[in-house]
file run-v6.cif (mmCIF, C-alpha atoms and all ligand atoms)
data_protein
#
loop_
_atom_site.group_PDB
_atom_site.id
_atom_site.type_symbol
_atom_site.label_atom_id
_atom_site.label_comp_id
_atom_site.auth_asym_id
_atom_site.auth_seq_id
_atom_site.Cartn_x
_atom_site.Cartn_y
_atom_site.Cartn_z
ATOM 1 C CA MET A 281 86.484 8.439 -88.836
ATOM 2 C CA LYS A 282 85.249 9.630 -85.431
ATOM 3 C CA THR A 283 83.570 13.027 -85.306
ATOM 4 C CA GLN A 284 85.191 15.397 -82.844
ATOM 5 C CA GLN A 285 83.821 14.904 -79.313
ATOM 6 C CA THR A 286 83.127 17.711 -76.871
ATOM 7 C CA PHE A 287 84.638 17.272 -73.434
ATOM 8 C CA PRO A 288 82.133 16.086 -70.808
ATOM 9 C CA HIS A 289 84.124 18.164 -68.300
ATOM 10 C CA SER A 290 85.682 21.197 -69.912
ATOM 11 C CA LEU A 291 88.656 22.829 -68.156
ATOM 12 C CA SER A 292 89.340 26.561 -68.169
ATOM 13 C CA ASP A 293 92.451 27.900 -69.907
ATOM 14 C CA GLY A 294 93.652 29.013 -66.460
ATOM 15 C CA THR A 295 93.472 25.470 -65.066
ATOM 16 C CA VAL A 296 95.352 24.032 -68.035
ATOM 17 C CA ARG A 297 97.949 26.812 -67.817
ATOM 18 C CA LEU A 298 98.414 26.309 -64.069
ATOM 19 C CA PHE A 299 98.948 22.590 -64.564
ATOM 20 C CA ASN A 300 101.532 23.201 -67.265
ATOM 21 C CA ASP A 301 103.256 26.009 -65.316
ATOM 22 C CA GLN A 302 103.495 24.453 -61.863
ATOM 23 C CA GLY A 303 103.121 20.743 -62.666
ATOM 24 C CA PHE A 304 99.953 20.106 -60.644
ATOM 25 C CA VAL A 305 96.454 21.483 -60.270
ATOM 26 C CA VAL A 306 93.279 20.837 -58.249
ATOM 27 C CA THR A 307 89.918 20.340 -59.972
ATOM 28 C CA PRO A 308 86.855 20.484 -57.685
ATOM 29 C CA ASP A 309 83.395 19.026 -58.259
ATOM 30 C CA VAL A 310 84.039 16.671 -61.165
ATOM 31 C CA PHE A 311 82.027 13.838 -59.639
ATOM 32 C CA ALA A 312 78.761 14.576 -57.845
ATOM 33 C CA ARG A 313 78.712 13.627 -54.148
ATOM 34 C CA ALA A 314 76.579 10.529 -54.841
ATOM 35 C CA GLU A 315 78.965 9.408 -57.585
ATOM 36 C CA LEU A 316 81.951 9.792 -55.303
ATOM 37 C CA LEU A 317 80.178 7.633 -52.710
ATOM 38 C CA THR A 318 79.478 4.975 -55.349
ATOM 39 C CA LEU A 319 83.068 4.959 -56.596
ATOM 40 C CA GLY A 320 84.430 4.999 -53.035
ATOM 41 C CA ALA A 321 82.258 2.026 -52.057
ATOM 42 C CA ALA A 322 83.385 0.061 -55.133
ATOM 43 C CA VAL A 323 87.055 0.763 -54.395
ATOM 44 C CA ASP A 324 86.539 -0.096 -50.704
ATOM 45 C CA ASP A 325 85.039 -3.453 -51.745
ATOM 46 C CA GLU A 326 87.956 -4.241 -54.041
ATOM 47 C CA VAL A 327 90.571 -3.306 -51.437
ATOM 48 C CA ALA A 328 88.756 -5.337 -48.764
ATOM 49 C CA ARG A 329 88.425 -8.378 -51.055
ATOM 50 C CA ARG A 330 91.974 -8.243 -52.349
ATOM 51 C CA SER A 331 93.616 -7.689 -48.966
ATOM 52 C CA ALA A 332 91.359 -9.885 -46.760
ATOM 53 C CA HIS A 333 94.068 -12.518 -46.367
ATOM 54 C CA ASP A 334 96.604 -9.978 -45.066
ATOM 55 C CA THR A 335 95.931 -9.574 -41.360
ATOM 56 C CA ARG A 336 99.327 -8.096 -40.402
ATOM 57 C CA GLU A 337 99.552 -4.945 -38.284
ATOM 58 C CA VAL A 338 101.056 -1.975 -40.139
ATOM 59 C CA SER A 339 104.216 -2.275 -38.026
ATOM 60 C CA ALA A 340 104.733 -5.875 -39.233
ATOM 61 C CA LYS A 341 104.712 -4.858 -42.914
ATOM 62 C CA SER A 342 107.661 -3.946 -45.135
ATOM 63 C CA THR A 343 108.693 -0.277 -45.290
ATOM 64 C CA TYR A 344 106.987 0.071 -48.682
ATOM 65 C CA GLU A 345 103.810 -1.642 -47.520
ATOM 66 C CA GLN A 346 103.684 0.730 -44.541
ATOM 67 C CA SER A 347 103.143 3.633 -46.974
ATOM 68 C CA PHE A 348 99.891 2.219 -48.319
ATOM 69 C CA VAL A 349 97.812 -0.811 -49.187
ATOM 70 C CA GLN A 350 98.173 -0.866 -52.978
ATOM 71 C CA CYS A 351 95.644 -2.550 -55.280
ATOM 72 C CA MET A 352 96.278 -2.045 -58.973
ATOM 73 C CA ARG A 353 94.079 -2.094 -62.057
ATOM 74 C CA LEU A 354 90.726 -2.165 -60.338
ATOM 75 C CA TRP A 355 89.102 -1.391 -63.699
ATOM 76 C CA GLU A 356 89.835 -5.017 -64.585
ATOM 77 C CA THR A 357 87.998 -6.492 -61.596
ATOM 78 C CA SER A 358 85.228 -3.988 -60.808
ATOM 79 C CA ASN A 359 82.501 -3.040 -63.280
ATOM 80 C CA THR A 360 81.724 0.116 -61.307
ATOM 81 C CA VAL A 361 85.336 1.316 -61.423
ATOM 82 C CA ARG A 362 85.539 0.418 -65.118
ATOM 83 C CA GLU A 363 82.482 2.528 -65.942
ATOM 84 C CA PHE A 364 83.869 5.557 -64.084
ATOM 85 C CA ILE A 365 87.284 5.340 -65.702
ATOM 86 C CA CYS A 366 85.890 4.830 -69.172
ATOM 87 C CA ASP A 367 83.110 7.443 -69.146
ATOM 88 C CA GLY A 368 85.261 10.112 -70.805
ATOM 89 C CA ARG A 369 85.382 12.626 -67.952
ATOM 90 C CA LEU A 370 88.777 11.858 -66.452
ATOM 91 C CA ALA A 371 90.349 10.897 -69.776
ATOM 92 C CA GLY A 372 88.995 14.051 -71.465
ATOM 93 C CA MET A 373 90.450 16.165 -68.647
ATOM 94 C CA ALA A 374 93.788 14.360 -68.998
ATOM 95 C CA ALA A 375 93.837 15.133 -72.741
ATOM 96 C CA GLN A 376 93.116 18.812 -72.042
ATOM 97 C CA LEU A 377 95.828 19.074 -69.378
ATOM 98 C CA LEU A 378 98.407 17.342 -71.569
ATOM 99 C CA ARG A 379 97.179 19.277 -74.632
ATOM 100 C CA VAL A 380 97.038 16.094 -76.707
ATOM 101 C CA PRO A 381 94.201 14.763 -78.899
ATOM 102 C CA SER A 382 94.091 11.275 -77.423
ATOM 103 C CA VAL A 383 95.055 9.420 -74.239
ATOM 104 C CA ARG A 384 95.305 5.809 -73.142
ATOM 105 C CA LEU A 385 94.869 4.333 -69.705
ATOM 106 C CA TRP A 386 98.270 3.567 -68.196
ATOM 107 C CA GLN A 387 97.102 2.291 -64.812
ATOM 108 C CA ASP A 388 94.709 2.831 -61.941
ATOM 109 C CA GLN A 389 95.195 1.925 -58.311
ATOM 110 C CA ALA A 390 93.840 2.267 -54.798
ATOM 111 C CA LEU A 391 96.381 3.701 -52.357
ATOM 112 C CA TYR A 392 94.902 3.238 -48.894
ATOM 113 C CA LYS A 393 97.197 4.674 -46.251
ATOM 114 C CA GLU A 394 96.347 2.895 -43.024
ATOM 115 C CA SER A 395 96.202 4.547 -39.618
ATOM 116 C CA GLY A 396 99.827 4.544 -38.500
ATOM 117 C CA GLY A 397 101.040 4.304 -42.102
ATOM 118 C CA ARG A 398 104.339 6.004 -42.894
ATOM 119 C CA GLU A 399 104.973 8.803 -45.355
ATOM 120 C CA THR A 400 105.245 8.221 -49.107
ATOM 121 C CA ASP A 401 108.789 9.210 -50.118
ATOM 122 C CA PRO A 402 109.299 12.109 -52.572
ATOM 123 C CA HIS A 403 109.566 10.764 -56.116
ATOM 124 C CA GLN A 404 108.678 11.214 -59.796
ATOM 125 C CA ASP A 405 106.331 8.639 -61.349
ATOM 126 C CA GLN A 406 107.562 8.750 -64.911
ATOM 127 C CA THR A 407 111.072 7.449 -64.225
ATOM 128 C CA PHE A 408 109.569 4.175 -62.945
ATOM 129 C CA TRP A 409 108.605 3.272 -66.501
ATOM 130 C CA PRO A 410 110.462 2.932 -69.847
ATOM 131 C CA ILE A 411 108.387 5.532 -71.628
ATOM 132 C CA GLY A 412 110.907 8.366 -72.110
ATOM 133 C CA ASP A 413 109.280 11.797 -72.171
ATOM 134 C CA ALA A 414 105.782 10.516 -73.078
ATOM 135 C CA PRO A 415 103.170 13.014 -71.883
ATOM 136 C CA LEU A 416 101.832 11.478 -68.673
ATOM 137 C CA VAL A 417 99.382 12.722 -66.051
ATOM 138 C CA SER A 418 98.027 11.223 -62.857
ATOM 139 C CA VAL A 419 94.852 12.103 -60.996
ATOM 140 C CA TRP A 420 94.674 11.588 -57.222
ATOM 141 C CA ILE A 421 91.084 11.174 -55.999
ATOM 142 C CA PRO A 422 90.516 11.184 -52.216
ATOM 143 C CA PHE A 423 87.200 9.845 -50.944
ATOM 144 C CA ASP A 424 87.432 11.842 -47.695
ATOM 145 C CA ALA A 425 88.929 15.190 -46.715
ATOM 146 C CA VAL A 426 92.724 14.936 -46.537
ATOM 147 C CA THR A 427 94.913 16.986 -44.205
ATOM 148 C CA HIS A 428 98.565 16.790 -43.281
ATOM 149 C CA SER A 429 97.673 14.524 -40.360
ATOM 150 C CA ASN A 430 96.048 11.785 -42.450
ATOM 151 C CA GLY A 431 98.321 11.649 -45.491
ATOM 152 C CA ALA A 432 98.037 14.795 -47.609
ATOM 153 C CA MET A 433 100.099 15.084 -50.753
ATOM 154 C CA ALA A 434 102.777 17.702 -51.409
ATOM 155 C CA TYR A 435 104.146 18.684 -54.808
ATOM 156 C CA VAL A 436 107.329 20.568 -55.740
ATOM 157 C CA PRO A 437 106.199 23.439 -57.982
ATOM 158 C CA GLU A 438 107.800 23.442 -61.438
ATOM 159 C CA SER A 439 109.803 20.270 -60.737
ATOM 160 C CA HIS A 440 108.310 18.725 -63.880
ATOM 161 C CA ARG A 441 110.479 21.139 -65.857
ATOM 162 C CA ALA A 442 113.595 19.341 -64.641
ATOM 163 C CA GLY A 443 112.594 16.265 -66.696
ATOM 164 C CA GLY A 444 113.588 12.791 -65.534
ATOM 165 C CA LEU A 445 115.881 12.780 -62.498
ATOM 166 C CA LYS A 446 117.459 9.766 -60.811
ATOM 167 C CA PRO A 447 114.650 7.277 -60.002
ATOM 168 C CA VAL A 448 113.660 6.963 -56.351
ATOM 169 C CA ASP A 449 113.294 3.422 -55.029
ATOM 170 C CA ILE A 450 110.153 3.982 -52.973
ATOM 171 C CA THR A 451 109.999 0.228 -52.351
ATOM 172 C CA HIS A 452 113.114 0.614 -50.152
ATOM 173 C CA THR A 453 114.741 -2.427 -51.765
ATOM 174 C CA THR A 454 117.690 -0.036 -52.080
ATOM 175 C CA GLU A 455 118.256 3.286 -50.315
ATOM 176 C CA PRO A 456 115.850 5.827 -51.923
ATOM 177 C CA TYR A 457 117.524 8.720 -53.767
ATOM 178 C CA ASP A 458 117.193 12.076 -51.990
ATOM 179 C CA ILE A 459 115.452 13.716 -54.952
ATOM 180 C CA LEU A 460 114.564 16.942 -53.121
ATOM 181 C CA ASN A 461 118.280 17.756 -53.084
ATOM 182 C CA ASP A 462 118.823 17.094 -56.781
ATOM 183 C CA PRO A 463 121.003 19.939 -58.147
ATOM 184 C CA LYS A 464 118.785 20.260 -61.244
ATOM 185 C CA LEU A 465 115.829 21.536 -59.191
ATOM 186 C CA ALA A 466 115.110 25.271 -59.357
ATOM 187 C CA GLN A 467 112.770 24.939 -56.360
ATOM 188 C CA ARG A 468 112.808 22.171 -53.797
ATOM 189 C CA THR A 469 110.154 23.136 -51.263
ATOM 190 C CA PRO A 470 107.080 20.907 -51.550
ATOM 191 C CA LYS A 471 103.690 22.587 -51.393
ATOM 192 C CA TRP A 472 101.294 20.729 -49.098
ATOM 193 C CA MET A 473 97.776 20.359 -50.445
ATOM 194 C CA GLU A 474 94.947 19.794 -47.970
ATOM 195 C CA VAL A 475 91.804 19.021 -49.954
ATOM 196 C CA ASP A 476 88.159 18.127 -49.477
ATOM 197 C CA ALA A 477 86.460 14.971 -50.675
ATOM 198 C CA GLY A 478 85.421 15.745 -54.249
ATOM 199 C CA ASP A 479 88.629 17.626 -55.067
ATOM 200 C CA MET A 480 90.998 15.852 -57.415
ATOM 201 C CA ILE A 481 94.696 16.684 -57.715
ATOM 202 C CA TRP A 482 96.388 16.176 -61.077
ATOM 203 C CA HIS A 483 100.152 15.951 -61.399
ATOM 204 C CA HIS A 484 102.498 15.693 -64.353
ATOM 205 C CA GLY A 485 104.581 12.514 -64.704
ATOM 206 C CA TYR A 486 107.772 14.390 -63.802
ATOM 207 C CA THR A 487 106.376 16.413 -60.884
ATOM 208 C CA ILE A 488 108.058 15.458 -57.617
ATOM 209 C CA HIS A 489 105.461 14.555 -55.022
ATOM 210 C CA GLN A 490 105.209 12.866 -51.640
ATOM 211 C CA ALA A 491 102.576 12.172 -48.980
ATOM 212 C CA ALA A 492 102.562 12.679 -45.233
ATOM 213 C CA ALA A 493 102.247 9.859 -42.714
ATOM 214 C CA ASN A 494 98.767 8.990 -41.484
ATOM 215 C CA THR A 495 98.673 9.857 -37.780
ATOM 216 C CA SER A 496 94.864 9.820 -37.666
ATOM 217 C CA ALA A 497 92.702 6.914 -36.500
ATOM 218 C CA ALA A 498 91.166 6.252 -39.934
ATOM 219 C CA THR A 499 92.485 4.918 -43.236
ATOM 220 C CA ARG A 500 93.168 7.566 -45.907
ATOM 221 C CA ARG A 501 91.175 6.287 -48.883
ATOM 222 C CA VAL A 502 92.541 7.386 -52.262
ATOM 223 C CA PHE A 503 92.143 6.165 -55.829
ATOM 224 C CA THR A 504 94.457 7.257 -58.650
ATOM 225 C CA VAL A 505 94.374 6.954 -62.436
ATOM 226 C CA VAL A 506 97.308 7.567 -64.787
ATOM 227 C CA PHE A 507 96.878 8.489 -68.463
ATOM 228 C CA ILE A 508 99.515 8.473 -71.210
ATOM 229 C CA ALA A 509 99.298 10.291 -74.551
ATOM 230 C CA ASP A 510 98.454 7.974 -77.415
ATOM 231 C CA GLY A 511 101.181 7.360 -80.003
ATOM 232 C CA CYS A 512 104.182 7.015 -77.656
ATOM 233 C CA THR A 513 106.745 4.221 -77.833
ATOM 234 C CA ARG A 514 108.466 1.897 -75.382
ATOM 235 C CA ARG A 515 112.077 3.059 -74.854
ATOM 236 C CA LYS A 516 113.729 0.416 -72.657
ATOM 237 C CA SER A 517 113.376 -3.279 -71.969
ATOM 238 C CA TRP A 518 113.174 -3.415 -68.173
ATOM 239 C CA PRO A 519 110.156 -5.416 -66.915
ATOM 240 C CA THR A 520 106.996 -3.328 -67.005
ATOM 241 C CA PHE A 521 103.724 -5.096 -66.379
ATOM 242 C CA PRO A 522 101.319 -3.340 -68.794
ATOM 243 C CA LEU A 523 103.831 -3.286 -71.657
ATOM 244 C CA ASP A 524 104.970 -6.867 -71.212
ATOM 245 C CA ARG A 525 101.430 -8.187 -70.851
ATOM 246 C CA ASP A 526 100.480 -6.644 -74.184
ATOM 247 C CA GLN A 527 103.820 -7.678 -75.718
ATOM 248 C CA VAL A 528 104.951 -4.141 -76.495
ATOM 249 C CA GLY A 529 108.645 -4.401 -77.389
ATOM 250 C CA VAL A 530 111.298 -1.685 -77.324
ATOM 251 C CA GLY A 531 110.524 0.745 -80.175
ATOM 252 C CA ASP A 532 106.904 -0.444 -80.493
ATOM 253 C CA GLN A 533 103.956 1.887 -80.074
ATOM 254 C CA ILE A 534 102.333 1.636 -76.660
ATOM 255 C CA ALA A 535 98.956 -0.027 -77.253
ATOM 256 C CA GLY A 536 97.002 -3.098 -76.224
ATOM 257 C CA VAL A 537 93.885 -4.358 -74.487
ATOM 258 C CA GLY A 538 95.329 -3.423 -71.090
ATOM 259 C CA MET A 539 95.990 0.187 -72.133
ATOM 260 C CA PRO A 540 92.832 1.203 -74.040
ATOM 261 C CA VAL A 541 92.311 4.608 -75.642
ATOM 262 C CA LEU A 542 89.875 6.397 -73.306
ATOM 263 C CA TRP A 543 89.879 9.768 -75.002
ATOM 264 C CA PRO A 544 88.227 10.184 -77.423
ATOM 265 C CA LYS A 545 85.679 8.180 -75.472
ATOM 266 C CA PRO A 546 85.250 4.700 -76.953
ATOM 267 C CA ASP A 547 81.799 3.769 -78.284
ATOM 268 C CA THR A 548 81.571 0.884 -75.827
ATOM 269 C CA VAL A 549 83.295 0.182 -72.526
ATOM 270 C CA PRO A 550 86.562 -1.547 -73.499
ATOM 271 C CA PRO A 551 87.022 -5.252 -72.690
ATOM 272 C CA VAL A 552 89.435 -6.188 -69.919
ATOM 273 C CA PRO A 553 92.579 -8.271 -70.542
ATOM 274 C CA GLU A 554 92.299 -12.002 -69.953
ATOM 275 C CA GLN A 555 95.427 -12.109 -67.814
ATOM 276 C CA GLN A 556 95.525 -10.180 -64.553
ATOM 277 C CA GLY A 557 98.462 -9.184 -62.400
ATOM 278 C CA VAL A 558 98.838 -9.679 -58.663
ATOM 279 C CA LEU A 559 95.773 -8.336 -56.893
ATOM 280 C CA LEU A 560 97.649 -6.809 -53.950
ATOM 281 C CA GLY A 561 100.890 -4.839 -54.092
ATOM 282 C CA VAL A 562 102.835 -3.615 -57.052
ATOM 283 C CA GLN A 563 102.334 -5.265 -60.458
ATOM 284 C CA SER A 564 105.744 -5.201 -62.048
ATOM 285 C CA ARG A 565 106.361 -8.537 -63.762
ATOM 286 C CA VAL A 566 103.970 -10.700 -65.774
ATOM 287 C CA VAL A 567 103.833 -14.053 -64.003
HETATM 288 O O1 LIG A 601 98.980 8.621 -52.114
HETATM 289 C C1 LIG A 601 100.153 8.453 -51.873
HETATM 290 O O2 LIG A 601 100.566 8.216 -50.746
HETATM 291 C C2 LIG A 601 101.160 8.541 -52.984
HETATM 292 C C3 LIG A 601 100.527 8.817 -54.290
HETATM 293 C C4 LIG A 601 101.466 8.820 -55.450
HETATM 294 O O3 LIG A 601 102.663 8.708 -55.324
HETATM 295 C C5 LIG A 601 100.876 8.982 -56.766
HETATM 296 O O4 LIG A 601 99.654 9.083 -56.900
HETATM 297 O O5 LIG A 601 101.651 8.996 -57.758
#
call {"tool": "encode", "arguments": {"input": "run-v6.cif", "output": "structure tokens"}}
result
Amino acid sequence: MKTQQTFPHSLSDGTVRLFNDQGFVVTPDVFARAELLTLGAAVDDEVARRSAHDTREVSAKSTYEQSFVQCMRLWETSNTVREFICDGRLAGMAAQLLRVPSVRLWQDQALYKESGGRETDPHQDQTFWPIGDAPLVSVWIPFDAVTHSNGAMAYVPESHRAGGLKPVDITHTTEPYDILNDPKLAQRTPKWMEVDAGDMIWHHGYTIHQAAANTSAATRRVFTVVFIADGCTRRKSWPTFPLDRDQVGVGDQIAGVGMPVLWPKPDTVPPVPEQQGVLLGVQSRVV
């Protein structure tokens, strides 16, 4: 049996309460400046390598692709990213915010909003996946200062209390649901969050959030990681890359090489799955 671990980055009661009350919270100074530069450079390399073949202008891309260049599961292709994600800091913070003893990695991704990139439509993350009410938290890590003009995020306070609303098709394959006008919302005014490099914003899986368009000359460089409480089960059968890859059926506990327990911190950095998904764009089906 593992002895109880102390959190490498301990959160105050106020931070945990704020997250649970309003559905999002900012945590400054988790990574030292030099660490942020190292992580940013590793993510830059991955995005450059994975998207090198795509030379289209933003305006020539699909509506979804105009929101960001998306590269998923960098922990599987970059040792540097893997070490950051698995070092217990982010996962320990996720466990504290969710008030659970143990969390697994659900996914990580780079979301690079190009100059001229459009807004990210308001949505909830959790309804994308067949995981019911599993405790879920996402951390949004910008590598540069983010303002409204280069793609800041906005969150609807307390919207996580509404639970799962109608899913929003942010891919624009169908008309996206106007979630900000959902009758179940007590508040519907998003709060814009301009943050410095080094600040991280955490949001609950049901918190409605969106991002502004990037009207600046530079790419908005952001990396996100999503954690799910350990011990949850798959609820529905619709195709879901991490669950299908690890052959998690409906009713099975969510577990597998692709979704390792990261808090408590594993004794060694977990191995990566043999099979990878598409390197650019959304990973939805196992091919
Ligand atoms: O960065 C963005 O534009 C959107 C981010 C987002 O939707 C998320 O992190 O869940």
call {"tool": "residues_near_ligand", "arguments": {"input": "run-v6.cif", "ligand": "ligand LIG 601 (chain A)", "cutoff": "10 Å", "atoms": "all atoms listed in the file", "output": "PyMOL selection string"}}
result
chain A and resi 347-350+388-393+397-406+417-422+431-434+450+481-485+487-494+500-506
call {"tool": "write_last_selection", "arguments": {"input": "run-v6.cif", "atoms": "C-alpha atoms", "output": "compact mmCIF listing (two decimals), in the coordinates of the input"}}
result
# COMPACT_ATOMS: atom_id res chain seq x y z
CA SER A 347 103.14 3.63 -46.97
CA PHE A 348 99.89 2.22 -48.32
CA VAL A 349 97.81 -0.81 -49.19
CA GLN A 350 98.17 -0.87 -52.98
CA ASP A 388 94.71 2.83 -61.94
CA GLN A 389 95.20 1.92 -58.31
CA ALA A 390 93.84 2.27 -54.80
CA LEU A 391 96.38 3.70 -52.36
CA TYR A 392 94.90 3.24 -48.89
CA LYS A 393 97.20 4.67 -46.25
CA GLY A 397 101.04 4.30 -42.10
CA ARG A 398 104.34 6.00 -42.89
CA GLU A 399 104.97 8.80 -45.36
CA THR A 400 105.24 8.22 -49.11
CA ASP A 401 108.79 9.21 -50.12
CA PRO A 402 109.30 12.11 -52.57
CA HIS A 403 109.57 10.76 -56.12
CA GLN A 404 108.68 11.21 -59.80
CA ASP A 405 106.33 8.64 -61.35
CA GLN A 406 107.56 8.75 -64.91
CA VAL A 417 99.38 12.72 -66.05
CA SER A 418 98.03 11.22 -62.86
CA VAL A 419 94.85 12.10 -61.00
CA TRP A 420 94.67 11.59 -57.22
CA ILE A 421 91.08 11.17 -56.00
CA PRO A 422 90.52 11.18 -52.22
CA GLY A 431 98.32 11.65 -45.49
CA ALA A 432 98.04 14.80 -47.61
CA MET A 433 100.10 15.08 -50.75
CA ALA A 434 102.78 17.70 -51.41
CA ILE A 450 110.15 3.98 -52.97
CA ILE A 481 94.70 16.68 -57.72
CA TRP A 482 96.39 16.18 -61.08
CA HIS A 483 100.15 15.95 -61.40
CA HIS A 484 102.50 15.69 -64.35
CA GLY A 485 104.58 12.51 -64.70
CA THR A 487 106.38 16.41 -60.88
CA ILE A 488 108.06 15.46 -57.62
CA HIS A 489 105.46 14.56 -55.02
CA GLN A 490 105.21 12.87 -51.64
CA ALA A 491 102.58 12.17 -48.98
CA ALA A 492 102.56 12.68 -45.23
CA ALA A 493 102.25 9.86 -42.71
CA ASN A 494 98.77 8.99 -41.48
CA ARG A 500 93.17 7.57 -45.91
CA ARG A 501 91.18 6.29 -48.88
CA VAL A 502 92.54 7.39 -52.26
CA PHE A 503 92.14 6.16 -55.83
CA THR A 504 94.46 7.26 -58.65
CA VAL A 505 94.37 6.95 -62.44
CA VAL A 506 97.31 7.57 -64.79
call {"tool": "residues_around", "arguments": {"input": "run-v6.cif", "residues": "Asp301 of chain A", "least_positions_apart": "5", "cutoff": "10 Å", "atoms": "only C-alpha atoms", "output": "CSV table (one decimal) with C-alpha atoms, keeping the file's coordinate frame"}}
result
chain,number,residue,atom,x,y,z
A,295,THR,CA,93.5,25.5,-65.1
A,296,VAL,CA,95.4,24.0,-68.0
A,437,PRO,CA,106.2,23.4,-58.0
A,438,GLU,CA,107.8,23.4,-61.4
A,439,SER,CA,109.8,20.3,-60.7
A,440,HIS,CA,108.3,18.7,-63.9
A,441,ARG,CA,110.5,21.1,-65.9
call {"tool": "resolve_selection", "arguments": {"input": "run-v6.cif", "expression": "the PyMOL selection byres (((chain A and resi 474) around 6) and not hetatm)", "output": "PDB file with C-alpha atoms, keeping the file's coordinate frame"}}
result
ATOM      1  CA  VAL A 426      92.724  14.936 -46.537  1.00  0.00           C
ATOM      2  CA  THR A 427      94.913  16.986 -44.205  1.00  0.00           C
ATOM      3  CA  ALA A 432      98.037  14.795 -47.609  1.00  0.00           C
ATOM      4  CA  MET A 473      97.776  20.359 -50.445  1.00  0.00           C
ATOM      5  CA  VAL A 475      91.804  19.021 -49.954  1.00  0.00           C
TER       6      VAL A 475
END
call {"tool": "residues_near_point", "arguments": {"input": "run-v6.cif", "point": "(86.2, 6.4, -73.7)", "cutoff": "9 Å", "atoms": "all atoms listed in the file", "output": "PyMOL selection string"}}
result
chain A and resi 365-369+371-372+540-550
call {"tool": "residues_around", "arguments": {"input": "run-v6.cif", "residues": "segment 316-320 of chain A", "least_positions_apart": "6", "cutoff": "7 Å", "atoms": "all atoms listed in the file", "output": "PDB file with C-alpha atoms, in the frame of the given file"}}
result
ATOM      1  CA  THR A 360      81.724   0.116 -61.307  1.00  0.00           C
ATOM      2  CA  VAL A 361      85.336   1.316 -61.423  1.00  0.00           C
ATOM      3  CA  PHE A 423      87.200   9.845 -50.944  1.00  0.00           C
ATOM      4  CA  GLY A 478      85.421  15.745 -54.249  1.00  0.00           C
TER       5      GLY A 478
END
call {"tool": "atom_distance", "arguments": {"input": "run-v6.cif", "atom1": "atom CA of Asp462 of chain A", "atom2": "atom CA of Trp409 of chain A"}}
result
19.7 Å
call {"tool": "residues_near_point", "arguments": {"input": "run-v6.cif", "point": "(98.4, -12.2, -50.7)", "cutoff": "8 Å", "atoms": "all atoms listed in the file", "output": "number ranges by chain"}}
result
A: 330-331, 333-334, 559-560
